[in-house]
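Below: the structure, in structure tokens.
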Amino acid sequence: MREAVIEARKLTKIYKRDEFEVRALDNCDIEIHRGEFVALMGPSGSGKSTLMHLIAAMDRATSGRIAVLGEDLAELDDAELARWRNRHIGFIFQQFNLIPVLTALENVELPLKLTSMNGKERQRQAETALKLVGLDDRLTHFPRQLSGGQEQRVAIARAIATDPDILIADEPTGNLDAQSAKDVMTMLQKLNRDFGKTIIMVTHDRHAAEYATMIRHLEKGELKPEIEYPQA
Amino acid sequence: MASIAASFCLLGVLLAIYVALFLTGDDSPAGARRLVTRNRISLTQIMPISYEAKIRQVPGVETVMAYQWFGGVYKEPKNFFARFACEPESLFKIYPEYRIPEEEKRAFQADRAGTVLGRDLANKFNIKTGDKITLKGDIFPIDLEFNVRGLFDADKNEEVMWFNIDYLWKSLPADRRDFAGTYLILAQSAEDGPAIAQQIDSLFRNAQVQTRTESESAFAASFVNFLGNVKLYLFMISAAITFTILLVCGNTVAMSVRERVREVGIMKTLGFTNGEVLGMILGEATVISLLGGFFGCVVAWLLCRGVAANAGGFANLEGMTLSPWMWVAVIAAAVVMGTAAAIVPALGASRTEIVEAMRYSG
Ligand SMILES: Nc1ncnc2c1ncn2[C@@H]1O[C@H](COP(=O)(O)OP(=O)(O)OP(=O)(O)O)[C@@H](O)[C@H]1O
Ligand SMILES: [Mg+2]
């Protein structure tokens with residue numbers, strides 16, 4: 001068995017809104033190993049994004065334990081978590097989430113500003129990442145000058161710029177046309193196969209899920225025990 | 001940013017007006033020695049010409065000259081500049097900074113209908129020595145025709161026309177002659193000014209027409225006050241504007257921060273800490289308000305130049321400018337206000353949970 005990079009035990013997240021309590025994630029146990037490409041599926045509101053946020057240390061669990069890359073996330077303070085995210089996690093979102101006032105190159109350079117690299121190294125690294133997603137001819141374009149598919153590729157370049165171990169993708173094809181979606185999925189698959197990235201992806205799209213090595217289902221905050229292996 | 005620039009532009013202009021009117025005197029050596037005596041009740045009331053001789057008796061007085069604001073219209077009402085009737089024999093003693101060729105000066109003193117003009121003024125209306133010009137009276141119900149006898153240079157206040165008060169008197173009905181609206185006094189030393197002023201005023205304390213004597217710069221300011229309580233207005237407007245600026249700045253900054261909550265979420269996701277995000281927002285607010293203040297100053301400076309060029313020697317306005325310390329003060333005020341206004345929303349934004357921040361669409 002390969003090394004477990006993500007280990008969650010009885011992971012629970014409860015959102016409190018005034019009187020109401022939403023149990024977004026309920027006693028979830030999950031183990032993800034290095035090099036796996038996991039697709040999370042499930043109906044809207046089933047807690048997929050919530051689980052991703054906890055894995056990526058964007059939010060804290062209400063109870064339960066989560067260790068990522070051997071680090072118990074509950075033991076890090078907010079600033080440490082921020083740096084930890086920067087070093088170990090790459091993010092891809094449905095809304096792309098690029099900074100509109102920055103060019104493609106600057107967007108990709110952004111997470112590198114927190115590393116010890118100097119300006120030249122940052123630029124070279126960002127250019128390499130953009131080349132990898134096939135956008136080395138769009139370096140000085142602003143997000144609004146790019147198509148949705150191109151924006152998402154810039155976002156992928158930004159996610160891999162710091163060479164993180166884990167990529168987190170929340171409905172990466174949700175806003176894309178079929179062809180762009182296919183391109184993005186092919187790219188993620190390549191990152192998984194050729195670069196050994198562990199990928200956790202939320203998707204509603206059965207076709208997108210087929211690119212993963214395994215599919216897990218969430219329902220009402222609970223992780224179903226069945227595991228599908230689409231490529232088997 | 002435009003709103004910030006506009007507000008600080010206004011602040012700058014007001015500051016410049018205030019300083020020009022109330023805080024700048026004539027700083028030439030003679031200027032500090034000049035005093036003005038006027039009717040205690042109001043600037044529009046006149047004083048008997050007999051006062052001139054009595055003032056001359058006061059110890060420390062070097063020269064006295066009756067002079068009178070004429071008003072009137074030169075060609076068109078918009079051609080506004082200062083026109084004074086004076087005593088030609090004393091004019092150049094009281095204004096030693098006026099530079100004029102000796103023969104022009106003598107020609108002016110010899111011609112009762114003569115006039116001398118500041119060179120700036122003459123250039124502006126293309127008037128030359130030897131020309132004849134006419135003023136249509138308004139305060140005084142007469143039209144006067146003058147022979148331009150000379151042009152003088154001075155350090156400032158050059159948009160002024162001087163002519164012989166005798167010419168004015170002789171043109172008026174007999175019962176309206178021999179008065180002066182104001183007396184201009186040159187003290188032997190600047191330090192004696194206040195004492196001389198006091199002495200003059202006490203000289204006429206029991207007379208029918210009482211006087212008020214003050215330094216030339218104080219007089220210039222009161223001349224403005226006479227048009228309305230400008231000082232108070234200016235102060236109130238400045239206060240209102242400062243208050244409005246606070247609101248505008250606060251609102252602009254708060255809005256721009258709120259618009260960026262999602263970006264804050266993205267930055268934090270990518271690994272920036274709350275402190276770094278806070279620093280960035282505050283830094284940006286500082287830069288924006290700095291630029292706003294700067295452009296406000298540029299516009300204010302242009303406006304001041306416009307006013308100064310068209311002030312026509314009116315009060316001290318032709319000296320109105322945005323001096324370096326005003327630039328610094330206005331820009332500093334902009335930066336302080338902009339940054340202060342940003343602190344609360346910036347703290348709020350930087351502390352927003354990532355998941356919360358990312359829910360902001362837009
Ligand atoms: N910040 C929040 N405050 C309150 N409730 C929340 C918050 N975020 C999520 N929830 C609730 O938690 C539950 C799970 O939400 P989550 O976003 O994880 O669902 P999801 O599976 O990603 O859904 P979708 O497919 O629509 O993206 C939902 O009922 C949602 O309303
Ligand atoms: Mg979701």
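The way I read the labels, and the way they are meant: chains A, B, ... in the order of the structure tokens, residue 1 as the first residue of every chain, and ligand 1 as the first ligand shown, with later ones counted on from there.
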Residues up to 9 Å from ligand 1, counting only C-alpha atoms and all ligand atoms: could you list those as number ranges by chain?
A: 13-17, 21-25, 41-53, 170-171, 202-204, 218-221; B: 353, 355-356, 359
Residue list (helix (DSSP H, G or I), DSSP) for stretch 49-154 of chain B, as a ChimeraX atom specification:
/B:50-57,88-94,102-110,119-124
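With the cut-off set to 9 Å and only C-alpha atoms counted, chain A residues close to chain B are Thr50, His53, Ala56, Ala57, Met58, Asp59, Asp78, Ala79, Glu80, Leu81, Ala82, Arg83, Trp84, Arg85, Asn86, Arg87, Ile89, Gly90, Phe91, Asn97, Leu98, Ile99, Pro100, Leu110, Pro111, Leu114 and Ala159 of chain A.
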If we count only C-alpha atoms and set the cut-off at 7 Å, which residues sit around A:Glu127, ignoring sequence neighbours fewer than 4 positions away in its own chain? Please answer as number ranges by chain.
A: 105, 123, 131, 136
Go through stretch 7-243 of chain B and collect every residue that DSSP, computed from the backbone, puts in strand (DSSP E); the answer should be as a ChimeraX atom specification.
/B:34-39,47-48,61-69,82-86,114-118,132-136,143-152,160-164,179-180,182-187,211-215
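Separating atom CA of A:Glu228 from atom CA of A:Asp177 is a distance of 25.7 Å.
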Long-range neighbours of A:Thr173 as a list in words, 8 Å cut-off, only C-alpha atoms, 4 positions minimum in chain
Gln94, Asp177, Ser180, Ala181, Val184, Met185, Thr203 and Ala208 of chain A
For the residues in the current selection, export N, CA and C atoms as an mmCIF file, in the first residue's frame.
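Output below, filename selection-v7.cif:
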data_model
loop_
_atom_site.group_PDB
_atom_site.id
_atom_site.type_symbol
_atom_site.label_atom_id
_atom_site.label_comp_id
_atom_site.auth_asym_id
_atom_site.auth_seq_id
_atom_site.Cartn_x
_atom_site.Cartn_y
_atom_site.Cartn_z
ATOM 1 N N GLN A 94 -14.169 26.319 -9.628
ATOM 2 C CA GLN A 94 -15.129 26.449 -10.717
ATOM 3 C C GLN A 94 -15.089 27.871 -11.306
ATOM 4 N N ASP A 177 -17.160 24.832 -21.526
ATOM 5 C CA ASP A 177 -17.805 24.074 -22.595
ATOM 6 C C ASP A 177 -17.146 22.696 -22.687
ATOM 7 N N SER A 180 -13.338 22.571 -23.786
ATOM 8 C CA SER A 180 -12.427 23.102 -22.770
ATOM 9 C C SER A 180 -12.373 22.166 -21.578
ATOM 10 N N ALA A 181 -13.534 21.605 -21.220
ATOM 11 C CA ALA A 181 -13.583 20.687 -20.090
ATOM 12 C C ALA A 181 -12.670 19.494 -20.360
ATOM 13 N N VAL A 184 -9.065 20.502 -19.970
ATOM 14 C CA VAL A 184 -8.681 20.656 -18.563
ATOM 15 C C VAL A 184 -8.523 19.291 -17.909
ATOM 16 N N MET A 185 -9.444 18.395 -18.189
ATOM 17 C CA MET A 185 -9.356 17.064 -17.569
ATOM 18 C C MET A 185 -8.121 16.309 -18.045
ATOM 19 N N THR A 203 -16.847 16.928 -8.615
ATOM 20 C CA THR A 203 -17.482 17.149 -9.916
ATOM 21 C C THR A 203 -18.898 16.592 -9.937
ATOM 22 N N ALA A 208 -16.227 13.911 -16.559
ATOM 23 C CA ALA A 208 -15.017 14.397 -15.894
ATOM 24 C C ALA A 208 -14.533 13.355 -14.898
#
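Atom CA of B:Val116 to atom CA of B:Asp155 spans 15.9 Å [interatomic distance, one decimal].
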